[in-house]
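Engineer: Coordinates in coords_4.cif, mmCIF, C-alpha atoms, are listed below.
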data_start
loop_
_atom_site.label_atom_id
_atom_site.label_comp_id
_atom_site.auth_asym_id
_atom_site.auth_seq_id
_atom_site.Cartn_x
_atom_site.Cartn_y
_atom_site.Cartn_z
CA MET A 68 -15.24 42.33 -17.21
CA THR A 69 -14.01 44.43 -20.14
CA GLU A 70 -10.59 44.49 -18.53
CA TYR A 71 -10.45 40.70 -18.53
CA ARG A 72 -11.44 40.60 -22.17
CA LYS A 73 -8.83 43.21 -23.03
CA ILE A 74 -6.12 41.16 -21.31
CA LEU A 75 -7.25 38.05 -23.18
CA LYS A 76 -7.13 39.83 -26.52
CA ASN A 77 -3.76 41.42 -25.78
CA ASN A 78 -2.11 38.23 -24.62
CA ILE A 79 -3.40 36.06 -27.41
CA TRP A 80 -3.29 38.44 -30.32
CA LEU A 81 -2.17 42.08 -30.00
CA GLU A 82 0.74 41.51 -27.61
CA ASN A 83 1.20 37.77 -27.97
CA PRO A 84 4.30 36.88 -25.92
CA VAL A 85 5.90 34.89 -28.74
CA ILE A 86 4.75 36.78 -31.84
CA VAL A 87 5.09 40.36 -30.66
CA GLN A 88 7.35 40.24 -27.63
CA ILE A 89 9.55 37.41 -29.04
CA LEU A 90 9.78 35.74 -25.62
CA GLY A 91 10.06 32.03 -24.88
CA ILE A 92 11.69 31.33 -28.22
CA CYS A 93 14.08 28.67 -26.88
CA SER A 94 11.32 26.28 -25.96
CA THR A 95 9.41 27.16 -29.11
CA LEU A 96 12.36 25.83 -31.06
CA ALA A 97 12.99 22.83 -28.83
CA VAL A 98 9.70 21.03 -28.26
CA THR A 99 7.69 21.72 -31.39
CA ASN A 100 8.53 18.74 -33.58
CA ASN A 101 5.80 16.68 -31.98
CA LEU A 102 2.28 17.88 -31.03
CA ARG A 103 1.84 15.69 -27.97
CA ASN A 104 4.97 16.95 -26.22
CA THR A 105 4.12 20.50 -27.29
CA PHE A 106 0.69 20.27 -25.70
CA ILE A 107 1.92 18.90 -22.39
CA MET A 108 4.74 21.44 -22.26
CA THR A 109 2.44 24.40 -22.99
CA ILE A 110 -0.12 23.23 -20.43
CA GLY A 111 2.73 23.13 -17.91
CA VAL A 112 3.83 26.65 -18.85
CA THR A 113 0.26 27.97 -18.69
CA LEU A 114 -0.31 26.52 -15.22
CA VAL A 115 3.02 27.74 -13.92
CA THR A 116 2.55 31.26 -15.34
CA ALA A 117 -0.96 31.55 -13.92
CA LEU A 118 -0.13 30.20 -10.46
CA SER A 119 3.16 32.03 -10.07
CA ASN A 120 1.50 35.28 -11.17
CA PHE A 121 -1.20 34.69 -8.57
CA THR A 122 1.28 33.99 -5.79
CA ILE A 123 3.62 36.84 -6.63
CA SER A 124 0.71 39.23 -6.84
CA ALA A 125 -0.64 38.03 -3.49
CA MET A 126 2.67 38.68 -1.76
CA ARG A 127 3.68 41.74 -3.79
CA ASN A 128 3.29 44.13 -0.85
CA LEU A 129 5.62 42.02 1.27
CA ILE A 130 8.48 41.59 -1.19
CA PRO A 131 11.46 43.88 -0.52
CA ARG A 132 12.52 45.61 -3.73
CA LYS A 133 16.12 44.40 -3.52
CA VAL A 134 15.22 40.73 -3.68
CA ARG A 135 12.21 41.14 -5.96
CA MET A 136 13.56 39.10 -8.85
CA ILE A 137 15.04 36.37 -6.68
CA THR A 138 11.68 35.98 -5.01
CA GLN A 139 9.99 35.70 -8.40
CA VAL A 140 12.42 33.01 -9.49
CA LEU A 141 11.83 31.21 -6.19
CA VAL A 142 8.07 31.17 -6.71
CA ILE A 143 8.38 30.12 -10.35
CA SER A 144 10.76 27.27 -9.62
CA PHE A 145 8.52 26.20 -6.76
CA TYR A 146 5.64 25.65 -9.17
CA VAL A 147 7.82 24.04 -11.82
CA ILE A 148 9.15 21.47 -9.35
CA MET A 149 5.58 20.94 -8.20
CA VAL A 150 4.50 20.19 -11.78
CA ASP A 151 7.48 17.86 -12.16
CA ILE A 152 6.66 15.97 -8.95
CA VAL A 153 3.00 15.57 -9.88
CA LEU A 154 3.86 14.33 -13.37
CA ARG A 155 6.43 11.89 -12.05
CA ALA A 156 4.08 10.42 -9.46
CA TYR A 157 0.79 10.28 -11.32
CA VAL A 158 1.51 10.29 -15.07
CA PRO A 159 4.96 8.66 -15.23
CA ASP A 160 4.71 7.97 -18.96
CA VAL A 161 4.26 11.64 -19.79
CA SER A 162 7.02 12.61 -17.39
CA LYS A 163 9.29 10.11 -19.14
CA ALA A 164 8.42 11.48 -22.57
CA LEU A 165 9.17 15.06 -21.57
CA GLY A 166 12.41 14.23 -19.79
CA PRO A 167 14.42 17.34 -19.01
CA TYR A 168 11.97 19.79 -20.59
CA VAL A 169 9.80 20.18 -17.50
CA GLY A 170 12.70 21.57 -15.52
CA LEU A 171 13.43 23.97 -18.35
CA ILE A 172 10.03 25.67 -17.88
CA ILE A 173 11.83 27.71 -15.21
CA THR A 174 13.91 29.42 -17.86
CA ASN A 175 10.90 30.42 -19.95
CA CYS A 176 11.12 34.19 -20.15
CA ILE A 177 7.34 34.61 -20.50
CA ILE A 178 6.74 33.55 -16.90
CA MET A 179 9.21 35.99 -15.43
CA GLY A 180 8.10 38.64 -17.92
CA ARG A 181 4.48 38.42 -16.77
CA ALA A 182 5.48 38.34 -13.11
CA GLU A 183 7.58 41.47 -13.49
CA ALA A 184 5.29 43.35 -15.88
CA PHE A 185 1.89 42.45 -14.49
CA ALA A 186 1.71 40.55 -11.21
CA GLN A 187 4.01 43.04 -9.48
CA ALA A 188 1.41 45.82 -9.90
CA ASN A 189 -1.99 44.12 -9.94
CA THR A 190 -4.32 42.13 -7.69
CA PRO A 191 -4.11 38.31 -7.51
CA ILE A 192 -7.21 37.26 -9.48
CA ILE A 193 -6.54 39.43 -12.51
CA SER A 194 -2.85 38.44 -12.38
CA PHE A 195 -3.89 34.81 -12.48
CA TRP A 196 -6.01 35.57 -15.55
CA ASP A 197 -3.14 37.46 -17.16
CA GLY A 198 -0.72 34.57 -16.61
CA PHE A 199 -3.25 32.07 -17.84
CA THR A 200 -3.98 33.96 -21.06
CA ALA A 201 -0.28 34.62 -21.68
CA GLY A 202 0.16 30.85 -21.44
CA LEU A 203 -2.65 30.36 -23.93
CA GLY A 204 -1.03 32.82 -26.34
CA TYR A 205 2.18 30.83 -26.07
CA MET A 206 0.26 27.59 -26.57
CA PHE A 207 -1.44 28.98 -29.69
CA VAL A 208 1.86 29.75 -31.42
CA LEU A 209 3.57 26.52 -30.41
CA VAL A 210 0.68 24.35 -31.48
CA VAL A 211 0.59 26.00 -34.91
CA VAL A 212 4.34 25.54 -35.35
CA ALA A 213 4.21 21.95 -34.08
CA PHE A 214 1.25 21.15 -36.33
CA PHE A 215 3.22 22.00 -39.47
CA ARG A 216 6.44 20.43 -38.26
CA GLU A 217 4.83 17.14 -37.27
CA LEU A 218 2.66 17.03 -40.38
CA LEU A 219 5.51 17.58 -42.81
CA GLY A 220 8.24 15.87 -40.78
CA PHE A 221 6.43 12.66 -39.82
CA GLY A 222 3.22 12.80 -41.87
CA THR A 223 1.27 12.47 -38.62
CA ILE A 224 -0.89 14.56 -36.28
CA PHE A 225 -0.77 13.56 -32.62
CA GLY A 226 1.01 10.42 -33.79
CA ILE A 227 -1.86 9.43 -36.11
CA GLN A 228 -0.87 8.93 -39.72
CA VAL A 229 -2.77 11.44 -41.88
CA LEU A 230 -0.66 11.79 -45.00
CA PRO A 231 -0.38 8.77 -47.33
CA SER A 232 2.71 6.66 -46.76
CA THR A 233 3.93 7.58 -50.24
CA PHE A 234 4.51 11.14 -48.98
CA SER A 235 8.24 11.61 -48.60
CA LYS A 236 8.87 13.02 -45.15
CA TRP A 237 10.75 16.28 -44.78
CA THR A 238 13.44 15.19 -42.37
CA SER A 239 14.58 18.78 -41.97
CA MET A 240 11.18 19.57 -40.39
CA VAL A 241 12.07 17.31 -37.47
CA MET A 242 15.44 18.97 -36.98
CA PRO A 243 15.82 22.11 -34.85
CA PRO A 244 16.60 24.56 -37.73
CA SER A 245 13.17 24.09 -39.29
CA ALA A 246 11.61 25.64 -36.19
CA PHE A 247 13.31 28.90 -37.19
CA PHE A 248 11.80 28.77 -40.68
CA VAL A 249 8.32 27.79 -39.57
CA LEU A 250 8.25 30.27 -36.71
CA ALA A 251 9.64 33.08 -38.85
CA THR A 252 7.13 32.43 -41.63
CA PHE A 253 4.33 32.36 -39.08
CA LEU A 254 5.53 35.63 -37.48
CA TRP A 255 5.75 37.20 -40.91
CA ILE A 256 2.16 36.29 -41.79
CA VAL A 257 0.69 37.25 -38.42
CA ARG A 258 2.64 40.49 -38.05
CA GLY A 259 1.70 41.38 -41.63
CA MET A 260 -1.95 40.96 -40.76
CA GLN A 261 -1.61 42.94 -37.53
CA ILE A 262 0.24 45.82 -39.17
CA ARG A 263 -2.27 46.05 -42.02
CA GLU A 264 -5.02 46.16 -39.41
CA GLU A 265 -3.27 48.98 -37.55
CA ILE A 266 -2.77 51.00 -40.75
CA LYS A 267 -6.42 50.55 -41.63
CA GLN A 268 -7.50 51.77 -38.20
CA VAL A 269 -5.23 54.80 -38.33
CA SER A 270 -6.23 55.90 -41.85
CA GLY A 271 -9.88 55.13 -41.08
CA GLY A 272 -9.61 57.46 -38.11
CA GLU A 273 -8.15 60.26 -40.24
CA LYS A 274 -11.03 60.24 -42.67
CA LYS A 275 -13.44 61.00 -39.87
CA MET B 180 3.27 51.99 12.26
CA ARG B 181 4.47 51.23 8.73
CA PHE B 182 7.41 48.88 8.50
CA ASP B 183 10.30 49.65 6.20
CA ARG B 184 10.12 47.19 3.35
CA ASP B 185 13.65 47.93 2.17
CA SER B 186 15.50 47.65 5.45
CA LYS B 187 18.31 45.10 5.52
CA VAL B 188 16.90 43.16 8.45
CA TYR B 189 13.50 42.78 6.85
CA THR B 190 15.06 41.74 3.51
CA VAL B 191 17.07 39.01 5.20
CA ILE B 192 14.15 37.78 7.27
CA PHE B 193 11.82 37.83 4.28
CA THR B 194 14.24 35.91 2.06
CA PHE B 195 14.84 33.35 4.76
CA VAL B 196 11.22 32.82 5.68
CA SER B 197 9.91 32.64 2.13
CA SER B 198 12.63 30.23 0.96
CA PHE B 199 12.02 28.13 4.04
CA LEU B 200 8.26 27.96 3.49
CA PHE B 201 8.48 27.02 -0.17
CA LEU B 202 11.14 24.42 0.52
CA VAL B 203 9.16 22.81 3.32
CA ILE B 204 6.13 22.47 1.03
CA LEU B 205 8.25 21.00 -1.76
CA SER B 206 10.05 18.50 0.47
CA GLY B 207 6.69 17.52 1.89
CA MET B 208 5.33 16.87 -1.59
CA ASN B 209 8.45 14.95 -2.48
CA VAL B 210 8.20 12.70 0.57
CA LEU B 211 4.48 12.15 0.03
CA THR B 212 4.97 11.03 -3.55
CA ALA B 213 8.26 9.16 -3.04
CA GLN B 214 6.50 5.84 -2.56
CA GLN B 215 4.45 6.28 -5.71
CA VAL B 216 7.52 7.35 -7.71
CA LYS B 217 9.44 4.30 -6.53
CA LYS B 218 6.54 2.05 -7.48
CA ASN B 219 6.43 3.65 -10.94
CA GLN B 220 10.17 3.11 -11.30
CA GLU B 221 9.88 -0.56 -10.42
CA LEU B 222 6.96 -0.95 -12.77
CA PHE B 223 9.00 0.58 -15.59
CA THR B 224 11.74 -1.99 -14.96
CA ILE B 225 9.26 -4.88 -14.79
CA ARG B 226 7.57 -3.77 -18.00
CA ALA B 227 10.90 -3.33 -19.75
CA VAL B 228 12.11 -6.80 -18.72
CA LEU B 229 8.89 -8.43 -19.95
CA ASN B 230 8.89 -6.43 -23.19
CA ALA B 231 12.51 -7.33 -23.89
CA MET B 232 11.78 -11.01 -23.26
CA ALA B 233 8.77 -10.85 -25.61
CA ILE B 234 6.33 -11.83 -22.88
CA VAL B 235 2.85 -10.44 -23.52
CA TYR B 236 0.79 -8.88 -20.73
CA SER B 237 -2.26 -6.67 -20.83
CA THR B 238 -2.51 -4.91 -17.47
CA GLU B 239 -0.02 -3.64 -14.94
CA GLU B 240 -1.17 -6.19 -12.34
CA GLU B 241 -0.68 -9.00 -14.82
CA ALA B 242 2.83 -7.73 -15.59
CA ILE B 243 3.70 -7.72 -11.89
CA ASN B 244 2.22 -11.22 -11.41
CA ILE B 245 4.12 -12.70 -14.34
CA PHE B 246 7.30 -11.01 -13.20
CA ASN B 247 6.99 -12.32 -9.65
CA SER B 248 6.01 -15.86 -10.58
CA LYS B 249 8.01 -16.69 -13.70
CA ILE B 250 11.17 -14.67 -13.71
CA LYS B 251 14.27 -15.69 -11.80
CA ILE B 252 16.69 -13.00 -10.69
CA GLU B 253 20.35 -13.71 -10.02
CA GLU B 254 23.11 -11.35 -8.99
CA LYS B 255 26.40 -12.09 -10.73
CA ASP B 256 29.42 -9.79 -10.54
CA SER B 257 27.10 -6.94 -9.55
CA TYR B 258 25.01 -7.42 -12.69
CA LYS B 259 21.37 -8.38 -12.33
CA LEU B 260 20.59 -11.34 -14.57
CA PHE B 261 16.95 -12.21 -15.27
CA SER B 262 16.03 -15.57 -16.75
CA THR B 263 12.85 -17.37 -17.72
CA ASP B 264 11.38 -20.02 -19.98
CA VAL B 265 9.59 -18.82 -23.08
CA ASN B 266 8.02 -21.70 -25.03
CA GLY B 267 10.61 -24.15 -23.73
CA GLU B 268 13.59 -21.96 -24.46
CA VAL B 269 15.58 -20.18 -21.82
CA VAL B 270 15.81 -16.42 -22.28
CA TYR B 271 18.26 -14.25 -20.38
CA ALA B 272 18.01 -10.52 -19.80
CA ILE B 273 20.37 -7.99 -18.31
CA LEU B 274 19.94 -4.38 -17.21
CA PHE B 275 22.20 -2.05 -19.16
CA ASN B 276 23.45 1.47 -18.72
CA GLY B 277 25.26 3.44 -21.37
CA SER B 278 25.72 6.94 -22.65
CA GLY B 279 23.55 8.30 -25.42
CA LEU B 280 23.93 11.64 -27.14
CA TRP B 281 22.81 13.81 -24.19
CA GLY B 282 22.80 11.53 -21.20
CA ASN B 283 22.43 8.12 -19.74
CA ILE B 284 20.36 5.46 -21.50
CA SER B 285 19.26 2.55 -19.35
CA GLY B 286 17.17 -0.44 -20.26
CA VAL B 287 16.95 -4.19 -20.63
CA LEU B 288 18.61 -6.40 -23.21
CA ALA B 289 17.34 -9.97 -23.64
CA VAL B 290 19.20 -12.76 -25.48
CA ASN B 291 18.60 -16.45 -26.18
CA SER B 292 20.43 -19.20 -24.30
CA ASP B 293 23.50 -19.46 -26.53
CA VAL B 294 23.68 -15.68 -27.09
CA SER B 295 23.42 -16.01 -30.86
CA ARG B 296 20.35 -13.83 -31.19
CA ILE B 297 18.83 -10.83 -29.44
CA VAL B 298 15.40 -11.64 -28.07
CA GLY B 299 14.49 -8.02 -27.55
CA ILE B 300 15.48 -4.65 -26.16
CA ASP B 301 13.55 -2.10 -24.14
CA PHE B 302 14.44 1.18 -22.52
CA ILE B 303 13.77 2.32 -18.97
CA SER B 304 15.10 5.83 -19.07
CA GLN B 305 16.73 8.08 -21.61
CA SER B 306 17.12 11.80 -22.16
CA GLU B 307 17.61 11.91 -25.92
CA THR B 308 16.08 14.68 -28.04
CA PRO B 309 12.29 14.23 -28.00
CA GLY B 310 11.07 13.47 -31.51
CA LEU B 311 14.56 12.49 -32.69
CA GLY B 312 16.74 10.25 -30.52
CA GLY B 313 13.80 9.91 -28.15
CA ARG B 314 12.17 7.75 -30.80
CA ILE B 315 14.31 4.78 -29.71
CA GLU B 316 11.35 4.11 -27.43
CA GLU B 317 8.99 3.67 -30.37
CA SER B 318 7.99 0.12 -31.10
CA TRP B 319 9.11 0.05 -34.76
CA PHE B 320 12.67 0.72 -33.64
CA LYS B 321 12.65 -1.82 -30.81
CA ASP B 322 10.89 -4.45 -32.97
CA GLN B 323 13.79 -4.40 -35.38
CA PHE B 324 15.95 -6.03 -32.70
CA ARG B 325 13.48 -8.84 -32.05
CA ASN B 326 15.24 -12.17 -32.91
CA GLU B 327 17.96 -10.35 -34.80
CA ALA B 328 21.10 -12.47 -35.18
CA LEU B 329 24.29 -11.22 -33.53
CA ILE B 330 27.20 -11.04 -35.96
CA ASP B 331 30.57 -10.94 -34.14
CA ASP B 332 28.70 -10.19 -30.89
CA LYS B 333 27.10 -7.05 -32.25
CA ILE B 334 24.25 -5.50 -34.16
CA THR B 335 25.06 -2.91 -36.79
CA VAL B 336 22.79 0.11 -36.91
CA SER B 337 22.75 1.05 -40.56
CA THR B 338 22.16 4.62 -41.72
CA THR B 339 21.24 3.40 -45.17
CA LYS B 340 18.20 1.19 -45.60
CA ALA B 341 18.95 -2.23 -44.06
CA SER B 342 17.27 -5.35 -45.42
CA ASP B 343 14.44 -6.86 -43.40
CA SER B 344 16.41 -10.10 -42.92
CA LYS B 345 16.72 -11.22 -39.30
CA ASP B 346 20.04 -12.99 -39.99
CA ASP B 347 22.27 -10.13 -41.14
CA GLY B 348 22.66 -8.41 -37.78
CA GLN B 349 21.55 -5.07 -39.25
CA VAL B 350 18.81 -2.67 -38.22
CA ASP B 351 17.80 0.77 -39.50
CA ALA B 352 18.96 3.87 -37.67
CA ILE B 353 16.50 6.64 -36.79
CA THR B 354 16.53 9.37 -39.40
CA GLY B 355 18.01 12.52 -37.92
CA ALA B 356 19.29 10.69 -34.85
CA THR B 357 22.36 8.86 -36.10
CA LEU B 358 24.37 9.52 -32.95
CA THR B 359 21.71 8.11 -30.64
CA SER B 360 21.26 5.10 -32.92
CA LYS B 361 25.00 4.50 -32.91
CA SER B 362 25.09 4.67 -29.11
CA ILE B 363 22.60 1.81 -29.00
CA GLU B 364 24.94 -0.14 -31.25
CA LYS B 365 27.79 0.60 -28.87
CA ILE B 366 25.80 -0.36 -25.78
CA ILE B 367 24.86 -3.71 -27.31
CA ALA B 368 28.47 -4.36 -28.34
CA THR B 369 29.54 -3.66 -24.74
CA TYR B 370 26.94 -5.81 -23.05
CA ILE B 371 26.91 -8.93 -25.24
CA PRO B 372 30.45 -9.96 -24.10
CA ILE B 373 29.39 -9.27 -20.51
CA ILE B 374 26.36 -11.56 -20.83
CA LYS B 375 28.54 -14.21 -22.48
CA ARG B 376 30.99 -14.04 -19.59
CA LEU B 377 28.21 -14.23 -16.99
CA LEU B 378 26.61 -17.22 -18.71
CA GLY B 379 29.89 -18.87 -19.56
CA VAL B 380 29.14 -19.31 -23.28
CA ASN B 381 31.44 -18.54 -26.14
#
Show me, as structure tokens, the structure contained in the file I just sent.
Structural biologist:
Amino acid sequence: MTEYRKILKNNIWLENPVIVQILGICSTLAVTNNLRNTFIMTIGVTLVTALSNFTISAMRNLIPRKVRMITQVLVISFYVIMVDIVLRAYVPDVSKALGPYVGLIITNCIIMGRAEAFAQANTPIISFWDGFTAGLGYMFVLVVVAFFRELLGFGTIFGIQVLPSTFSKWTSMVMPPSAFFVLATFLWIVRGMQIREEIKQVSGGEKK
Amino acid sequence: MRFDRDSKVYTVIFTFVSSFLFLVILSGMNVLTAQQVKKNQELFTIRAVLNAMAIVYSTEEEAINIFNSKIKIEEKDSYKLFSTDVNGEVVYAILFNGSGLWGNISGVLAVNSDVSRIVGIDFISQSETPGLGGRIEESWFKDQFRNEALIDDKITVSTTKASDSKDDGQVDAITGATLTSKSIEKIIATYIPIIKRLLGVN
């Protein structure tokens, strides 16, 4: 069980795919001006990462090394199209709101990164957990970024007005460049905290 | 006996079989849901036509019933023309297709009988930037077109604050999405003459 907890902690905090590994930045910039779309997108990514990790891990002993990456892409796109089909058939309104972004999950580097770094060398269940938590780590960062962008850009949270209508909206928060500022500020704060923690641990160890 | 995972023959067979399997599952899923997707598509069109014509409905079944019982559909010059009576006045609607900033925007445009005012506009599909151009689907934007007068067969989408008057032919653009807003202006300017020609009014 400790291994599962370690993976959870690593994927969400210590080795967060967005904060530490700087993966999946493109979608972080693209979908985060609106919390609702961000949520649906990150749920999609989490599901696809978990399931594709599971599948790749289950067939890892069968995959020839030469076509390893192609097979990974095949599995990933399989699940992405699956998500797209399900959304289109059963929640058409959501599918309409997301438009082309569902298809773009395929290009999210986190999914391939986890497949290559983890699923390739571990058993299916733990790979599923690894993919799932990596997705959650991604979700955590995107939701924080989207929260600030939607709040300042529209004065709303999940489309519900929270700031008084006298608040002048920061149009730049809705535009793509603001994602760079918000994300960078967030990285700065989080990395600062993490590095201070590391220094504390190291110097604490020396005193003993 | 251990098989050689890196032999050419195995690689080819593996690639073929795995692609084949995944594709079969996907096509199966696609076929299974095709009916549902088509139904959703039709429902989107029905809802858009009713919304554009300012006809109120509460459930999906009600929308389908109203559409089937009250709305007449004619095909003229390969355009689909919908017409109905709303409070004694004839309202016409046409399906439109035009280019937005990123891709195709399709929807329904409804006008009154002498094409002097827009009755309403609604969108069926669009691929504009979510949160920016994608906001054309929000009701505040669409409501601006409700009963707006057409000046010289067009509506001007103003990037500065337009007055709330329904007679000046001006609506507000979406902040940060000027190009998408302007494409709506262009689509309307293209389709109003088409409707006029189909209806034979000048």
Engineer: Using only C-alpha atoms, can you tell me which of B:Ser362, B:Ile371, B:Asn247, B:Val188 comes closest to Tyr271 in chain B?
Structural biologist: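 With only C-alpha atoms as the atom set, the closest residue is B:Ile371.
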Engineer: I'd like to know which of B:Phe261, B:Trp319, B:Trp281, B:Phe223 is closest to Lys163 in chain A, using all atoms listed in the file.
Structural biologist: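 Of all the options, B:Phe223 lies closest to Lys163 in chain A.
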Engineer: Pick out the chain A residues within 9 Å of chain B. Count only C-alpha atoms. Give them as a PyMOL selection string.
Structural biologist: chain A and resi 97-101+104+128-134+137-138+141-142+145+148-149+152-153+155-157+159+163-167+238-239+241-242
Engineer: Please expand the PyMOL selection byres ((chain A and resi 187-190) around 10) into the concrete residues it hits in this file, giving the result as a list in words.
Structural biologist: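 With the shown file as input, the PyMOL selection byres ((chain A and resi 187-190) around 10) matches Asn120, Phe121, Ile123, Ser124, Ala125, Met126, Arg127, Asn128, Ile130, Arg135, Gln139, Arg181, Ala182, Glu183, Ala184, Phe185, Ala186, Pro191, Ile192, Ile193, Ser194, Phe195 and Asp197 of chain A.
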Engineer: Interatomic distance between CA of Met232 in chain B and CA of Tyr258 in chain B?
Structural biologist: 17.3 Å
Engineer: Which residues come within 12 Å of Asp343 in chain B, counting only C-alpha atoms, excluding same-chain residues fewer than 5 positions away, as a list in words?
Structural biologist: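 Residues meeting the cut-off are Asp322, Gln323, Phe324, Arg325, Asn326, Glu327, Ala328, Ser337, Gly348, Gln349, Val350 and Asp351 of chain B.
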Engineer: Neighbourhood query: residues within 12 Å of (22.7, -12.2, -26.8), file coordinates, counting only C-alpha atoms; return as number ranges by chain.
Structural biologist: B: 231-232, 269-273, 287-300, 324-334, 348, 367-378, 380-381
Engineer: Report, as lines of an AutoDock Vina configuration file, the axis-aligned box around all atoms of range 228-244 of chain B present in the file, extended by 3 Å on each side; give centre and edge lengths in Å to one decimal place.
Structural biologist:
center_x = 5.0
center_y = -7.7
center_z = -18.5
size_x = 21.0
size_y = 14.2
size_z = 20.2
Engineer: Find the residues near range 214-224 of chain A: any atom within 10 Å, counting all atoms listed in the file, skip ones fewer than 4 places away on the same chain, and give them as number ranges by chain.
Structural biologist: A: 99-103, 105, 208-210, 228-242, 245-246, 249; B: 310
Engineer: Using all atoms listed in the file, list the residues that have an atom at most 10 Å from (26.5, 6.0, -33.1), coordinates as in the file, as an mmCIF file with C-alpha atoms, in the coordinates of the input.
Structural biologist:
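What ended up in part23.cif:
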data_model
loop_
_atom_site.group_PDB
_atom_site.id
_atom_site.type_symbol
_atom_site.label_atom_id
_atom_site.label_comp_id
_atom_site.auth_asym_id
_atom_site.auth_seq_id
_atom_site.Cartn_x
_atom_site.Cartn_y
_atom_site.Cartn_z
ATOM 1 C CA GLY B 279 23.550 8.300 -25.420
ATOM 2 C CA LEU B 280 23.930 11.640 -27.140
ATOM 3 C CA THR B 335 25.060 -2.910 -36.790
ATOM 4 C CA VAL B 336 22.790 0.110 -36.910
ATOM 5 C CA SER B 337 22.750 1.050 -40.560
ATOM 6 C CA THR B 338 22.160 4.620 -41.720
ATOM 7 C CA ALA B 352 18.960 3.870 -37.670
ATOM 8 C CA ALA B 356 19.290 10.690 -34.850
ATOM 9 C CA THR B 357 22.360 8.860 -36.100
ATOM 10 C CA LEU B 358 24.370 9.520 -32.950
ATOM 11 C CA THR B 359 21.710 8.110 -30.640
ATOM 12 C CA SER B 360 21.260 5.100 -32.920
ATOM 13 C CA LYS B 361 25.000 4.500 -32.910
ATOM 14 C CA SER B 362 25.090 4.670 -29.110
ATOM 15 C CA ILE B 363 22.600 1.810 -29.000
ATOM 16 C CA GLU B 364 24.940 -0.140 -31.250
ATOM 17 C CA LYS B 365 27.790 0.600 -28.870
ATOM 18 C CA ILE B 366 25.800 -0.360 -25.780
#
Engineer: One number please: CA of Thr263 in chain B to CA of Lys251 in chain B, in Å, one decimal.
Structural biologist: 6.3 Å
Engineer: What separation in Å, quoted to one decimal, exists between CA of Ala251 in chain A and CA of Pro84 in chain A?
Structural biologist: 14.5 Å
Engineer: Find the spatial neighbours of Asp151 in chain A, counting all atoms listed in the file, within a cut-off of 8 Å - ignore same-chain residues fewer than 6 positions away - and output them as a list in words.
Structural biologist: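 Contacts, with the query itself left out: Ser162, Val169 and Gly170 of chain A.
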Engineer: Going by the chain IDs and residue numbers used in this file, which residues fall under the PyMOL selection byres ((chain B and resi 243) around 12)? Write them as a PDB file with C-alpha atoms, in the frame of the given file.
Structural biologist:
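Once written, out07.pdb looks like this:
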ATOM      1  CA  LYS B 218       6.540   2.050  -7.480  1.00  0.00           C
ATOM      2  CA  ASN B 219       6.430   3.650 -10.940  1.00  0.00           C
ATOM      3  CA  GLU B 221       9.880  -0.560 -10.420  1.00  0.00           C
ATOM      4  CA  LEU B 222       6.960  -0.950 -12.770  1.00  0.00           C
ATOM      5  CA  PHE B 223       9.000   0.580 -15.590  1.00  0.00           C
ATOM      6  CA  THR B 224      11.740  -1.990 -14.960  1.00  0.00           C
ATOM      7  CA  ILE B 225       9.260  -4.880 -14.790  1.00  0.00           C
ATOM      8  CA  ARG B 226       7.570  -3.770 -18.000  1.00  0.00           C
ATOM      9  CA  ALA B 227      10.900  -3.330 -19.750  1.00  0.00           C
ATOM     10  CA  VAL B 228      12.110  -6.800 -18.720  1.00  0.00           C
ATOM     11  CA  LEU B 229       8.890  -8.430 -19.950  1.00  0.00           C
ATOM     12  CA  VAL B 235       2.850 -10.440 -23.520  1.00  0.00           C
ATOM     13  CA  TYR B 236       0.790  -8.880 -20.730  1.00  0.00           C
ATOM     14  CA  SER B 237      -2.260  -6.670 -20.830  1.00  0.00           C
ATOM     15  CA  THR B 238      -2.510  -4.910 -17.470  1.00  0.00           C
ATOM     16  CA  GLU B 239      -0.020  -3.640 -14.940  1.00  0.00           C
ATOM     17  CA  GLU B 240      -1.170  -6.190 -12.340  1.00  0.00           C
ATOM     18  CA  GLU B 241      -0.680  -9.000 -14.820  1.00  0.00           C
ATOM     19  CA  ALA B 242       2.830  -7.730 -15.590  1.00  0.00           C
ATOM     20  CA  ASN B 244       2.220 -11.220 -11.410  1.00  0.00           C
ATOM     21  CA  ILE B 245       4.120 -12.700 -14.340  1.00  0.00           C
ATOM     22  CA  PHE B 246       7.300 -11.010 -13.200  1.00  0.00           C
ATOM     23  CA  ASN B 247       6.990 -12.320  -9.650  1.00  0.00           C
ATOM     24  CA  SER B 248       6.010 -15.860 -10.580  1.00  0.00           C
ATOM     25  CA  LYS B 249       8.010 -16.690 -13.700  1.00  0.00           C
ATOM     26  CA  ILE B 250      11.170 -14.670 -13.710  1.00  0.00           C
TER      27      ILE B 250
END
Engineer: Carefully work through the PyMOL selection byres ((chain A and resi 89) around 12) for this structure and note down the residues it includes, as a ChimeraX atom specification.
Structural biologist: /A:82-88,90-95,175-177,180,204-205,208,250-251,254,258
Engineer: Rank nothing, just name the residue among A:Gly111, A:Leu203, A:Gln268, A:Tyr71 nearest to Leu171 in chain A, using only C-alpha atoms.
Structural biologist: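 Going through A:Gly111, A:Leu203, A:Gln268, A:Tyr71 one by one, the smallest distance to Leu171 in chain A is for A:Gly111.
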Engineer: For Thr116 in chain A, work out the shell of residues within 7 Å, counting all atoms listed in the file and skipping chain neighbours fewer than 3 positions away, then give it as a short mmCIF file (atom, residue, chain, number, x, y, z; two decimals) with C-alpha atoms, in the coordinates of the input.
Structural biologist:
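around-v6.cif written:
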data_model
loop_
_atom_site.label_atom_id
_atom_site.label_comp_id
_atom_site.auth_asym_id
_atom_site.auth_seq_id
_atom_site.Cartn_x
_atom_site.Cartn_y
_atom_site.Cartn_z
CA VAL A 112 3.83 26.65 -18.85
CA THR A 113 0.26 27.97 -18.69
CA SER A 119 3.16 32.03 -10.07
CA ASN A 120 1.50 35.28 -11.17
CA ILE A 178 6.74 33.55 -16.90
CA GLY A 198 -0.72 34.57 -16.61
CA PHE A 199 -3.25 32.07 -17.84
CA GLY A 202 0.16 30.85 -21.44
#
